[in-house]
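Below is the file input_32.cif, which contains mmCIF, C-alpha atoms.
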data_run
loop_
_atom_site.label_atom_id
_atom_site.label_comp_id
_atom_site.auth_asym_id
_atom_site.auth_seq_id
_atom_site.Cartn_x
_atom_site.Cartn_y
_atom_site.Cartn_z
CA MET M 26 76.14 95.28 -21.79
CA SER M 27 74.81 98.64 -20.59
CA VAL M 28 72.01 100.48 -22.37
CA TYR M 29 74.42 103.04 -23.79
CA GLY M 30 76.80 100.30 -24.90
CA GLN M 31 74.00 98.52 -26.74
CA ILE M 32 72.93 101.79 -28.37
CA ALA M 33 76.52 102.33 -29.54
CA ARG M 34 76.82 98.80 -30.91
CA ASN M 35 73.52 99.12 -32.79
CA GLY M 36 74.42 102.44 -34.35
CA LEU M 37 77.98 101.59 -35.31
CA TRP M 38 77.56 97.99 -36.45
CA ASP M 39 74.50 95.79 -35.83
CA ASN M 40 71.86 98.30 -36.97
CA ASN M 41 74.09 100.57 -39.06
CA ILE M 42 71.98 102.85 -41.26
CA VAL M 43 73.76 101.70 -44.43
CA PHE M 44 75.09 98.20 -43.77
CA GLY M 45 72.29 97.11 -41.45
CA GLN M 46 69.13 98.90 -42.57
CA LEU M 47 70.15 99.66 -46.19
CA LEU M 48 68.74 103.18 -45.91
CA ALA M 49 70.01 106.56 -47.19
CA LEU M 50 71.46 104.91 -50.30
CA CYS M 51 70.71 107.90 -52.54
CA PRO M 52 73.21 110.30 -50.89
CA LEU M 53 75.51 107.38 -50.13
CA LEU M 54 75.98 106.48 -53.79
CA ALA M 55 75.81 110.04 -55.11
CA VAL M 56 78.35 111.88 -52.95
CA THR M 57 80.93 109.21 -52.11
CA GLY M 58 83.13 109.75 -55.15
CA THR M 59 85.76 110.85 -52.61
CA ALA M 60 86.23 110.29 -48.90
CA THR M 61 86.13 114.07 -48.38
CA ASN M 62 82.60 114.35 -49.75
CA GLY M 63 81.52 111.36 -47.68
CA LEU M 64 82.94 112.90 -44.50
CA GLY M 65 81.19 116.22 -45.12
CA MET M 66 77.82 114.60 -45.84
CA GLY M 67 78.20 112.28 -42.87
CA LEU M 68 78.96 115.07 -40.41
CA ALA M 69 75.97 117.09 -41.67
CA THR M 70 73.67 114.08 -41.21
CA LEU M 71 75.18 113.36 -37.79
CA ALA M 72 74.34 116.88 -36.62
CA VAL M 73 70.73 116.47 -37.82
CA LEU M 74 70.38 113.07 -36.14
CA VAL M 75 71.62 114.34 -32.76
CA MET M 76 69.59 117.53 -32.76
CA SER M 77 66.39 115.94 -34.10
CA GLY M 78 66.59 113.09 -31.59
CA LEU M 79 67.08 115.54 -28.74
CA ALA M 80 64.27 117.84 -29.94
CA VAL M 81 61.77 115.02 -30.48
CA SER M 82 62.55 113.54 -27.07
CA LEU M 83 62.08 116.87 -25.30
CA LEU M 84 58.82 117.61 -27.16
CA ARG M 85 57.31 114.12 -27.12
CA GLY M 86 54.96 114.98 -24.28
CA ALA M 87 53.50 117.92 -26.23
CA ILE M 88 53.04 116.03 -29.53
CA THR M 89 49.84 114.02 -29.82
CA PRO M 90 49.98 110.62 -31.57
CA GLU M 91 47.69 111.80 -34.38
CA ILE M 92 50.11 114.47 -35.61
CA ARG M 93 53.43 112.94 -34.60
CA ILE M 94 54.72 112.17 -38.12
CA PRO M 95 54.05 115.69 -39.56
CA ALA M 96 55.47 117.17 -36.35
CA PHE M 97 58.63 115.06 -36.64
CA VAL M 98 59.08 116.04 -40.28
CA LEU M 99 58.66 119.72 -39.39
CA ILE M 100 61.26 119.45 -36.61
CA ILE M 101 63.71 117.68 -38.91
CA ALA M 102 63.12 120.23 -41.70
CA CYS M 103 63.87 123.14 -39.37
CA ILE M 104 67.11 121.52 -38.21
CA VAL M 105 68.19 120.67 -41.76
CA THR M 106 67.58 124.28 -42.81
CA VAL M 107 69.88 125.50 -40.04
CA VAL M 108 72.57 122.95 -40.99
CA ASP M 109 72.27 123.89 -44.67
CA MET M 110 72.68 127.60 -43.90
CA ALA M 111 75.65 126.87 -41.62
CA LEU M 112 77.40 124.85 -44.33
CA ASN M 113 76.74 127.57 -46.89
CA ALA M 114 78.21 130.19 -44.56
CA TRP M 115 81.27 128.37 -43.21
CA VAL M 116 82.22 125.70 -45.78
CA HIS M 117 80.75 127.11 -48.95
CA ASP M 118 82.84 124.97 -51.32
CA LEU M 119 81.63 121.77 -49.66
CA HIS M 120 78.08 123.12 -49.76
CA LYS M 121 78.37 123.58 -53.53
CA VAL M 122 79.65 120.02 -53.98
CA LEU M 123 76.94 118.39 -51.85
CA GLY M 124 74.31 120.65 -53.36
CA LEU M 125 70.75 119.33 -53.28
CA PHE M 126 71.62 116.39 -51.05
CA ILE M 127 71.78 118.58 -47.93
CA PRO M 128 68.09 119.67 -48.13
CA LEU M 129 67.18 116.09 -49.02
CA ILE M 130 68.29 115.00 -45.55
CA VAL M 131 64.72 115.94 -44.58
CA THR M 132 63.45 112.93 -46.55
CA ASN M 133 66.02 110.53 -45.13
CA CYS M 134 63.98 107.60 -43.81
CA ALA M 135 66.64 106.77 -41.25
CA ILE M 136 66.24 110.11 -39.46
CA LEU M 137 62.45 109.95 -39.34
CA GLY M 138 62.68 106.29 -38.35
CA ARG M 139 64.92 107.02 -35.36
CA ALA M 140 62.62 109.85 -34.28
CA GLU M 141 59.59 107.54 -34.40
CA ALA M 142 61.15 104.33 -33.08
CA PHE M 143 63.54 105.70 -30.46
CA ALA M 144 63.49 109.41 -29.63
CA SER M 145 59.72 109.59 -29.16
CA ARG M 146 59.94 106.80 -26.55
CA ARG M 147 63.16 107.57 -24.67
CA GLY M 148 64.72 110.29 -22.58
CA ALA M 149 66.74 113.17 -23.98
CA LEU M 150 70.18 111.80 -23.07
CA GLN M 151 69.58 108.38 -24.58
CA SER M 152 68.01 109.93 -27.68
CA ALA M 153 70.98 112.24 -28.22
CA HIS M 154 73.36 109.30 -27.71
CA ASP M 155 71.39 107.22 -30.20
CA GLY M 156 71.56 110.04 -32.75
CA LEU M 157 75.31 110.39 -32.18
CA MET M 158 75.99 106.67 -32.63
CA MET M 159 73.72 106.35 -35.66
CA GLY M 160 75.37 109.44 -37.15
CA LEU M 161 78.88 108.12 -36.50
CA GLY M 162 77.94 104.79 -38.06
CA PHE M 163 76.52 106.53 -41.12
CA THR M 164 79.57 108.81 -41.39
CA ALA M 165 81.90 105.82 -41.14
CA ALA M 166 79.98 104.05 -43.91
CA LEU M 167 80.22 107.09 -46.19
CA VAL M 168 83.93 107.59 -45.49
CA VAL M 169 84.80 103.91 -45.98
CA LEU M 170 82.87 103.69 -49.24
CA GLY M 171 84.24 107.02 -50.46
CA ALA M 172 87.81 106.07 -49.52
CA ALA M 173 87.58 102.73 -51.34
CA ARG M 174 86.21 104.35 -54.48
CA GLU M 175 88.73 107.20 -54.37
CA ILE M 176 91.79 105.00 -53.77
CA LEU M 177 90.93 102.51 -56.51
CA GLY M 178 89.50 105.15 -58.82
CA SER M 179 92.18 107.85 -58.66
CA GLY M 180 94.91 106.71 -56.24
CA THR M 181 94.29 109.52 -53.74
CA LEU M 182 92.65 109.81 -50.33
CA PHE M 183 90.73 112.83 -48.98
CA ALA M 184 91.52 114.86 -52.08
CA ASN M 185 90.80 118.61 -51.76
CA ALA M 186 90.09 118.26 -48.04
CA ASP M 187 91.66 121.67 -47.33
CA VAL M 188 89.43 123.33 -49.96
CA LEU M 189 86.15 121.63 -49.05
CA LEU M 190 86.49 121.27 -45.29
CA GLY M 191 88.96 124.03 -44.43
CA ASP M 192 92.71 124.37 -43.92
CA ALA M 193 92.55 122.40 -40.65
CA PHE M 194 91.74 119.24 -42.65
CA GLY M 195 94.63 119.64 -45.09
CA PHE M 196 96.67 116.97 -43.27
CA LEU M 197 94.21 114.32 -44.47
CA GLU M 198 95.19 114.69 -48.14
CA MET M 199 97.31 111.82 -49.43
CA THR M 200 98.47 110.42 -52.74
CA LEU M 201 98.64 106.68 -52.18
CA ILE M 202 99.38 105.55 -55.75
CA PRO M 203 101.66 108.02 -57.60
CA ASP M 204 101.26 108.30 -61.38
CA TYR M 205 98.08 106.24 -61.22
CA GLY M 206 96.01 106.27 -64.39
CA GLY M 207 92.75 105.81 -62.53
CA PHE M 208 89.80 103.44 -62.77
CA LEU M 209 86.99 105.72 -63.91
CA ILE M 210 84.02 103.41 -63.30
CA LEU M 211 84.66 103.38 -59.54
CA ILE M 212 84.33 107.15 -59.35
CA LEU M 213 81.11 107.11 -61.37
CA PRO M 214 77.74 106.06 -59.83
CA PRO M 215 78.04 102.41 -60.96
CA GLY M 216 81.21 102.19 -58.90
CA GLY M 217 79.19 103.07 -55.83
CA PHE M 218 76.91 100.06 -56.34
CA ILE M 219 79.90 97.78 -56.96
CA MET M 220 81.82 98.84 -53.85
CA LEU M 221 78.69 98.82 -51.69
CA GLY M 222 78.08 95.22 -52.73
CA PHE M 223 81.62 94.22 -51.72
CA LEU M 224 81.33 96.00 -48.36
CA LEU M 225 77.95 94.37 -47.61
CA ALA M 226 79.46 90.99 -48.43
CA LEU M 227 82.40 91.71 -46.12
CA LYS M 228 80.09 92.65 -43.25
CA SER M 229 78.06 89.50 -43.81
CA ILE M 230 81.23 87.37 -43.64
CA LEU M 231 82.38 89.07 -40.44
CA ASP M 232 78.96 88.63 -38.81
CA LYS M 233 78.91 84.97 -39.83
CA ARG M 234 82.34 84.37 -38.31
CA ALA M 235 81.32 86.14 -35.10
CA GLU M 236 78.24 83.91 -34.84
CA ASP M 237 80.33 80.79 -35.43
CA ARG M 238 82.84 81.80 -32.75
CA ALA M 239 79.97 82.41 -30.33
CA GLY M 240 78.72 78.88 -31.00
CA ASP M 241 75.18 79.89 -31.92
CA PRO M 242 73.34 76.87 -33.41
CA LEU M 243 71.85 77.41 -36.82
CA ASP M 244 68.28 76.71 -35.71
CA ALA M 245 68.53 79.34 -32.94
CA ARG M 246 69.15 82.23 -35.33
CA ILE M 247 66.12 84.43 -35.91
CA GLU M 248 65.58 86.14 -39.22
CA LYS M 249 65.88 89.90 -39.03
CA VAL M 250 63.32 92.17 -40.67
CA PHE M 251 64.69 95.52 -41.74
CA THR M 252 62.43 98.55 -41.64
CA ALA M 253 62.87 102.29 -41.55
CA ALA M 254 62.29 102.16 -37.81
CA GLY M 255 65.13 99.73 -37.17
CA VAL M 256 65.60 95.99 -36.84
CA LEU M 257 62.54 94.06 -35.68
CA LYS M 258 62.55 90.42 -34.64
CA PRO M 259 59.43 88.25 -34.62
CA ASP M 260 58.27 87.04 -31.24
CA THR M 261 58.90 83.28 -31.08
CA ARG M 262 58.02 82.75 -27.44
CA GLY M 263 54.59 81.39 -28.30
CA GLU M 264 56.15 78.86 -30.68
CA GLU M 265 58.62 77.71 -28.03
CA ALA M 266 55.77 77.16 -25.57
#

I need this file expressed as structure tokens, please.
Amino acid sequence: MSVYGQIARNGLWDNNIVFGQLLALCPLLAVTGTATNGLGMGLATLAVLVMSGLAVSLLRGAITPEIRIPAFVLIIACIVTVVDMALNAWVHDLHKVLGLFIPLIVTNCAILGRAEAFASRRGALQSAHDGLMMGLGFTAALVVLGAAREILGSGTLFANADVLLGDAFGFLEMTLIPDYGGFLILILPPGGFIMLGFLLALKSILDKRAEDRAGDPLDARIEKVFTAAGVLKPDTRGEEA
């Protein structure tokens, strides 16, 4: 698999910000009452990931190791401010719904982790691609979780998309279960934890089946350690020797 293919696979599935690293759970659980909110938050985070990865990669030669973390945070904060102002200007209704969670993108460990673990060590093109794939994976996680909660909670999908995202997104609005009484707990924050648990279990089952089809022996599997910087695997070459 090519480098860009591996980056795409990591961002979309293997090292997904939500289902792989279990990061950014605060906005994930808070704004995914509907798929529309999840899509808006995901696209905002995607823009920050791409631009911050590109900026950090281009400036990595001018940033000394001693000040790299404050410098990365400053770069991310500047980009988030621009994204926040753009949302307020062009999709004001969505900006009001997402509220404080847009500025809080600055504190998202996943964004700082990608800047430290990837963008500060790679070229601009690969860093931008990594930000795009990580952002798409995060957006997909928010939309899937929001869609599941919205469908089971109120019987609709992408409700108020034309109001929050603009008239161009009006075609997304659907009523899947007419005259549905609703399941309130799934729309409330506890419903986010419940649905996230089911989705994590589903991913685990799919990964297990993929490993079984590949014929990987049980004793050859290496435990993964999840950190804000990504997925690290212990070096077992010394043990094999």

Any idea what's packed within 12 Å of M:Gly86, counting all atoms listed in the file, ignoring anything in its chain fewer than 4 positions away? Could you give it as a list in words?
->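 Once the nearby chain positions are removed, what remains is Ala80, Val81, Ser82, Pro90, Arg93, Ala144, Ser145, Arg146, Arg147, Gly148 and Ala149 of chain M.
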
Quick one: residues within 10 Å of M:Tyr205, all atoms listed in the file counted, chain neighbours fewer than 4 positions away excluded, as number ranges by chain?
-> M: 176-181, 200-201

Check which residues satisfy the PyMOL selection byres ((chain M and resi 67-79) around 8) in the file shown, then give them as a PyMOL selection string.
-> chain M and resi 63-66+80-83+100-101+104-105+108+127+130+136+139-140+144+149-150+152-157+159-161+163-165+167-168

Any chance you could work out the residue set of the PyMOL selection byres ((chain M and resi 124) around 12) here, as a VMD selection string?
-> chain M and resid 52 55 to 56 62 65 to 66 109 to 110 112 to 113 117 to 123 125 to 130

Include C-alpha atoms and write out the residues we just selected as a PDB file, keeping the file's coordinate frame.
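Saved result, selection.pdb, follows:
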ATOM      1  CA  PRO M  52      73.210 110.300 -50.890  1.00  0.00           C
ATOM      2  CA  ALA M  55      75.810 110.040 -55.110  1.00  0.00           C
ATOM      3  CA  VAL M  56      78.350 111.880 -52.950  1.00  0.00           C
ATOM      4  CA  ASN M  62      82.600 114.350 -49.750  1.00  0.00           C
ATOM      5  CA  GLY M  65      81.190 116.220 -45.120  1.00  0.00           C
ATOM      6  CA  MET M  66      77.820 114.600 -45.840  1.00  0.00           C
ATOM      7  CA  ASP M 109      72.270 123.890 -44.670  1.00  0.00           C
ATOM      8  CA  MET M 110      72.680 127.600 -43.900  1.00  0.00           C
ATOM      9  CA  LEU M 112      77.400 124.850 -44.330  1.00  0.00           C
ATOM     10  CA  ASN M 113      76.740 127.570 -46.890  1.00  0.00           C
ATOM     11  CA  HIS M 117      80.750 127.110 -48.950  1.00  0.00           C
ATOM     12  CA  ASP M 118      82.840 124.970 -51.320  1.00  0.00           C
ATOM     13  CA  LEU M 119      81.630 121.770 -49.660  1.00  0.00           C
ATOM     14  CA  HIS M 120      78.080 123.120 -49.760  1.00  0.00           C
ATOM     15  CA  LYS M 121      78.370 123.580 -53.530  1.00  0.00           C
ATOM     16  CA  VAL M 122      79.650 120.020 -53.980  1.00  0.00           C
ATOM     17  CA  LEU M 123      76.940 118.390 -51.850  1.00  0.00           C
ATOM     18  CA  LEU M 125      70.750 119.330 -53.280  1.00  0.00           C
ATOM     19  CA  PHE M 126      71.620 116.390 -51.050  1.00  0.00           C
ATOM     20  CA  ILE M 127      71.780 118.580 -47.930  1.00  0.00           C
ATOM     21  CA  PRO M 128      68.090 119.670 -48.130  1.00  0.00           C
ATOM     22  CA  LEU M 129      67.180 116.090 -49.020  1.00  0.00           C
ATOM     23  CA  ILE M 130      68.290 115.000 -45.550  1.00  0.00           C
TER      24      ILE M 130
END

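If you look at atom CA of M:Ala33 and atom CA of M:Ile94, they are 25.4 Å away from each other.
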
Straight-line distance linking atom CA of M:Ile92 with atom CA of M:Gly36, stated in Å to one decimal =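 Result for atom CA of M:Ile92 versus atom CA of M:Gly36: 27.2 Å, one decimal.
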
Enumerate, as a short mmCIF file (atom, residue, chain, number, x, y, z; two decimals) with C-alpha atoms, in the frame of the given file, the protein, DNA and RNA residues whose atoms approach (67.5, 100.1, -26.8) to within 9 Å, taking into account only C-alpha atoms and the coordinate frame of the file.
data_model
loop_
_atom_site.label_atom_id
_atom_site.label_comp_id
_atom_site.auth_asym_id
_atom_site.auth_seq_id
_atom_site.Cartn_x
_atom_site.Cartn_y
_atom_site.Cartn_z
CA VAL M 28 72.01 100.48 -22.37
CA TYR M 29 74.42 103.04 -23.79
CA GLN M 31 74.00 98.52 -26.74
CA ILE M 32 72.93 101.79 -28.37
CA ASN M 35 73.52 99.12 -32.79
CA PHE M 143 63.54 105.70 -30.46
CA ARG M 147 63.16 107.57 -24.67
CA GLN M 151 69.58 108.38 -24.58
CA ASP M 155 71.39 107.22 -30.20
#

Using only C-alpha atoms, which residues of stretch 91-188 of chain M come within 9 Å of stretch 216-220 of chain M, and what is the closest atom pair for each, with the distance in Å to one decimal? Give it as CSV, sorted by chain and residue number.
residue,atom,partner,partner_atom,distance
M:Leu170,CA,M:Met220,CA,6.8
M:Gly171,CA,M:Gly217,CA,8.4
M:Ala173,CA,M:Met220,CA,7.4
M:Arg174,CA,M:Gly216,CA,7.0
M:Gly178,CA,M:Gly216,CA,8.8

Fewer than 3 positions away in the same chain doesn't count, so skip those; otherwise give me all residues within 7 Å of M:Leu48, counting only C-alpha atoms, as a tab-separated table (two decimals) with C-alpha atoms, keeping the file's coordinate frame.
chain	number	residue	atom	x	y	z
M	42	ILE	CA	71.98	102.85	-41.26
M	43	VAL	CA	73.76	101.70	-44.43
M	134	CYS	CA	63.98	107.60	-43.81
M	135	ALA	CA	66.64	106.77	-41.25

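Among the candidates M:Val116, M:Met26, M:Lys233, M:Asn40, the one nearest to M:Met158 when counting only C-alpha atoms is M:Asn40.
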
May I have the residues at most 10 Å from (95.5, 117.7, -48.0) in the file's coordinates, counting all atoms listed in the file, as an MDAnalysis selection string?
-> chainID M and resid 182:188 191:200

Proximity to M:Ala166 - best of M:Leu225, M:Thr132, M:Ala87, M:Glu236, only C-alpha atoms |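 Smallest distance to M:Ala166 is found for M:Leu225.
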
Atom CA of M:Val98 to atom CA of M:Leu37, distance in Å rounded to a single decimal |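 Answer for the atom CA of M:Val98 to atom CA of M:Leu37 separation: 24.3 Å.
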
Pick from M:Ala235, M:Ala60, M:Leu227, M:Cys103, whichever lies nearest to M:Leu189 using only C-alpha atoms |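 Selected residue with least distance to M:Leu189: M:Ala60.
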
For stretch 156-161 of chain M, I'd like the enclosing box, axis-aligned and padded by 8 Å on every side, reported as lines of an AutoDock Vina configuration file with centre and edge lengths in Å to one decimal.
center_x = 75.2
center_y = 108.4
center_z = -34.7
size_x = 23.3
size_y = 20.0
size_z = 21.0

Incomplete stretch 116-127 of chain M filled out to all heavy atoms as a PDB file, keeping the file's coordinate frame:
ATOM      1  N   VAL M 116      81.475 126.569 -44.841  1.00  0.00           N
ATOM      2  CA  VAL M 116      82.220 125.700 -45.780  1.00  0.00           C
ATOM      3  C   VAL M 116      81.483 125.721 -47.119  1.00  0.00           C
ATOM      4  O   VAL M 116      80.883 124.733 -47.544  1.00  0.00           O
ATOM      5  CB  VAL M 116      82.356 124.257 -45.226  1.00  0.00           C
ATOM      6  CG1 VAL M 116      83.478 124.156 -44.231  1.00  0.00           C
ATOM      7  CG2 VAL M 116      81.059 123.746 -44.615  1.00  0.00           C
ATOM      8  N   HIS M 117      81.544 126.873 -47.752  1.00  0.00           N
ATOM      9  CA  HIS M 117      80.750 127.110 -48.950  1.00  0.00           C
ATOM     10  C   HIS M 117      81.129 126.161 -50.091  1.00  0.00           C
ATOM     11  O   HIS M 117      80.258 125.702 -50.844  1.00  0.00           O
ATOM     12  CB  HIS M 117      80.904 128.559 -49.409  1.00  0.00           C
ATOM     13  CG  HIS M 117      80.074 128.903 -50.612  1.00  0.00           C
ATOM     14  ND1 HIS M 117      78.697 128.898 -50.601  1.00  0.00           N
ATOM     15  CD2 HIS M 117      80.434 129.241 -51.888  1.00  0.00           C
ATOM     16  CE1 HIS M 117      78.234 129.231 -51.793  1.00  0.00           C
ATOM     17  NE2 HIS M 117      79.267 129.434 -52.587  1.00  0.00           N
ATOM     18  N   ASP M 118      82.420 125.857 -50.234  1.00  0.00           N
ATOM     19  CA  ASP M 118      82.840 124.970 -51.320  1.00  0.00           C
ATOM     20  C   ASP M 118      82.256 123.573 -51.143  1.00  0.00           C
ATOM     21  O   ASP M 118      81.822 122.944 -52.108  1.00  0.00           O
ATOM     22  CB  ASP M 118      84.378 124.895 -51.372  1.00  0.00           C
ATOM     23  CG  ASP M 118      84.996 126.198 -51.830  1.00  0.00           C
ATOM     24  OD1 ASP M 118      84.393 126.863 -52.686  1.00  0.00           O
ATOM     25  OD2 ASP M 118      86.075 126.561 -51.323  1.00  0.00           O
ATOM     26  N   LEU M 119      82.244 123.076 -49.919  1.00  0.00           N
ATOM     27  CA  LEU M 119      81.630 121.770 -49.660  1.00  0.00           C
ATOM     28  C   LEU M 119      80.135 121.828 -49.912  1.00  0.00           C
ATOM     29  O   LEU M 119      79.543 120.888 -50.453  1.00  0.00           O
ATOM     30  CB  LEU M 119      81.917 121.332 -48.219  1.00  0.00           C
ATOM     31  CG  LEU M 119      81.294 120.002 -47.795  1.00  0.00           C
ATOM     32  CD1 LEU M 119      81.876 118.857 -48.605  1.00  0.00           C
ATOM     33  CD2 LEU M 119      81.498 119.760 -46.297  1.00  0.00           C
ATOM     34  N   HIS M 120      79.513 122.943 -49.533  1.00  0.00           N
ATOM     35  CA  HIS M 120      78.080 123.120 -49.760  1.00  0.00           C
ATOM     36  C   HIS M 120      77.746 123.050 -51.240  1.00  0.00           C
ATOM     37  O   HIS M 120      76.730 122.463 -51.638  1.00  0.00           O
ATOM     38  CB  HIS M 120      77.627 124.452 -49.164  1.00  0.00           C
ATOM     39  CG  HIS M 120      76.148 124.695 -49.267  1.00  0.00           C
ATOM     40  ND1 HIS M 120      75.576 125.337 -50.353  1.00  0.00           N
ATOM     41  CD2 HIS M 120      75.123 124.383 -48.429  1.00  0.00           C
ATOM     42  CE1 HIS M 120      74.281 125.423 -50.178  1.00  0.00           C
ATOM     43  NE2 HIS M 120      73.968 124.852 -49.027  1.00  0.00           N
ATOM     44  N   LYS M 121      78.606 123.620 -52.083  1.00  0.00           N
ATOM     45  CA  LYS M 121      78.370 123.580 -53.530  1.00  0.00           C
ATOM     46  C   LYS M 121      78.512 122.160 -54.072  1.00  0.00           C
ATOM     47  O   LYS M 121      77.783 121.761 -54.981  1.00  0.00           O
ATOM     48  CB  LYS M 121      79.349 124.512 -54.248  1.00  0.00           C
ATOM     49  CG  LYS M 121      79.074 125.984 -54.033  1.00  0.00           C
ATOM     50  CD  LYS M 121      79.864 126.852 -55.002  1.00  0.00           C
ATOM     51  CE  LYS M 121      81.359 126.703 -54.759  1.00  0.00           C
ATOM     52  NZ  LYS M 121      82.144 127.611 -55.642  1.00  0.00           N
ATOM     53  N   VAL M 122      79.444 121.391 -53.518  1.00  0.00           N
ATOM     54  CA  VAL M 122      79.650 120.020 -53.980  1.00  0.00           C
ATOM     55  C   VAL M 122      78.473 119.129 -53.587  1.00  0.00           C
ATOM     56  O   VAL M 122      77.959 118.347 -54.386  1.00  0.00           O
ATOM     57  CB  VAL M 122      80.966 119.447 -53.418  1.00  0.00           C
ATOM     58  CG1 VAL M 122      81.073 117.958 -53.713  1.00  0.00           C
ATOM     59  CG2 VAL M 122      82.159 120.182 -54.012  1.00  0.00           C
ATOM     60  N   LEU M 123      78.039 119.226 -52.334  1.00  0.00           N
ATOM     61  CA  LEU M 123      76.940 118.390 -51.850  1.00  0.00           C
ATOM     62  C   LEU M 123      75.606 118.817 -52.427  1.00  0.00           C
ATOM     63  O   LEU M 123      74.709 117.999 -52.625  1.00  0.00           O
ATOM     64  CB  LEU M 123      76.900 118.414 -50.315  1.00  0.00           C
ATOM     65  CG  LEU M 123      78.143 117.884 -49.613  1.00  0.00           C
ATOM     66  CD1 LEU M 123      77.974 117.964 -48.109  1.00  0.00           C
ATOM     67  CD2 LEU M 123      78.450 116.457 -50.036  1.00  0.00           C
ATOM     68  N   GLY M 124      75.461 120.119 -52.655  1.00  0.00           N
ATOM     69  CA  GLY M 124      74.310 120.650 -53.360  1.00  0.00           C
ATOM     70  C   GLY M 124      72.969 120.249 -52.786  1.00  0.00           C
ATOM     71  O   GLY M 124      72.689 120.419 -51.600  1.00  0.00           O
ATOM     72  N   LEU M 125      72.131 119.651 -53.635  1.00  0.00           N
ATOM     73  CA  LEU M 125      70.750 119.330 -53.280  1.00  0.00           C
ATOM     74  C   LEU M 125      70.661 118.262 -52.191  1.00  0.00           C
ATOM     75  O   LEU M 125      69.633 118.162 -51.518  1.00  0.00           O
ATOM     76  CB  LEU M 125      70.011 118.853 -54.533  1.00  0.00           C
ATOM     77  CG  LEU M 125      68.532 118.489 -54.397  1.00  0.00           C
ATOM     78  CD1 LEU M 125      67.719 119.715 -53.985  1.00  0.00           C
ATOM     79  CD2 LEU M 125      68.009 117.903 -55.696  1.00  0.00           C
ATOM     80  N   PHE M 126      71.720 117.503 -51.992  1.00  0.00           N
ATOM     81  CA  PHE M 126      71.620 116.390 -51.050  1.00  0.00           C
ATOM     82  C   PHE M 126      71.561 116.846 -49.598  1.00  0.00           C
ATOM     83  O   PHE M 126      71.153 116.065 -48.736  1.00  0.00           O
ATOM     84  CB  PHE M 126      72.797 115.426 -51.260  1.00  0.00           C
ATOM     85  CG  PHE M 126      72.727 114.708 -52.568  1.00  0.00           C
ATOM     86  CD1 PHE M 126      73.508 115.106 -53.638  1.00  0.00           C
ATOM     87  CD2 PHE M 126      71.847 113.653 -52.747  1.00  0.00           C
ATOM     88  CE1 PHE M 126      73.435 114.459 -54.857  1.00  0.00           C
ATOM     89  CE2 PHE M 126      71.763 112.997 -53.963  1.00  0.00           C
ATOM     90  CZ  PHE M 126      72.550 113.402 -55.024  1.00  0.00           C
ATOM     91  N   ILE M 127      71.935 118.076 -49.300  1.00  0.00           N
ATOM     92  CA  ILE M 127      71.780 118.580 -47.930  1.00  0.00           C
ATOM     93  C   ILE M 127      70.297 118.802 -47.608  1.00  0.00           C
ATOM     94  O   ILE M 127      69.792 118.264 -46.612  1.00  0.00           O
ATOM     95  CB  ILE M 127      72.592 119.872 -47.733  1.00  0.00           C
ATOM     96  CG1 ILE M 127      74.089 119.594 -47.868  1.00  0.00           C
ATOM     97  CG2 ILE M 127      72.299 120.472 -46.355  1.00  0.00           C
ATOM     98  CD1 ILE M 127      74.637 118.640 -46.829  1.00  0.00           C
TER      99      ILE M 127
END
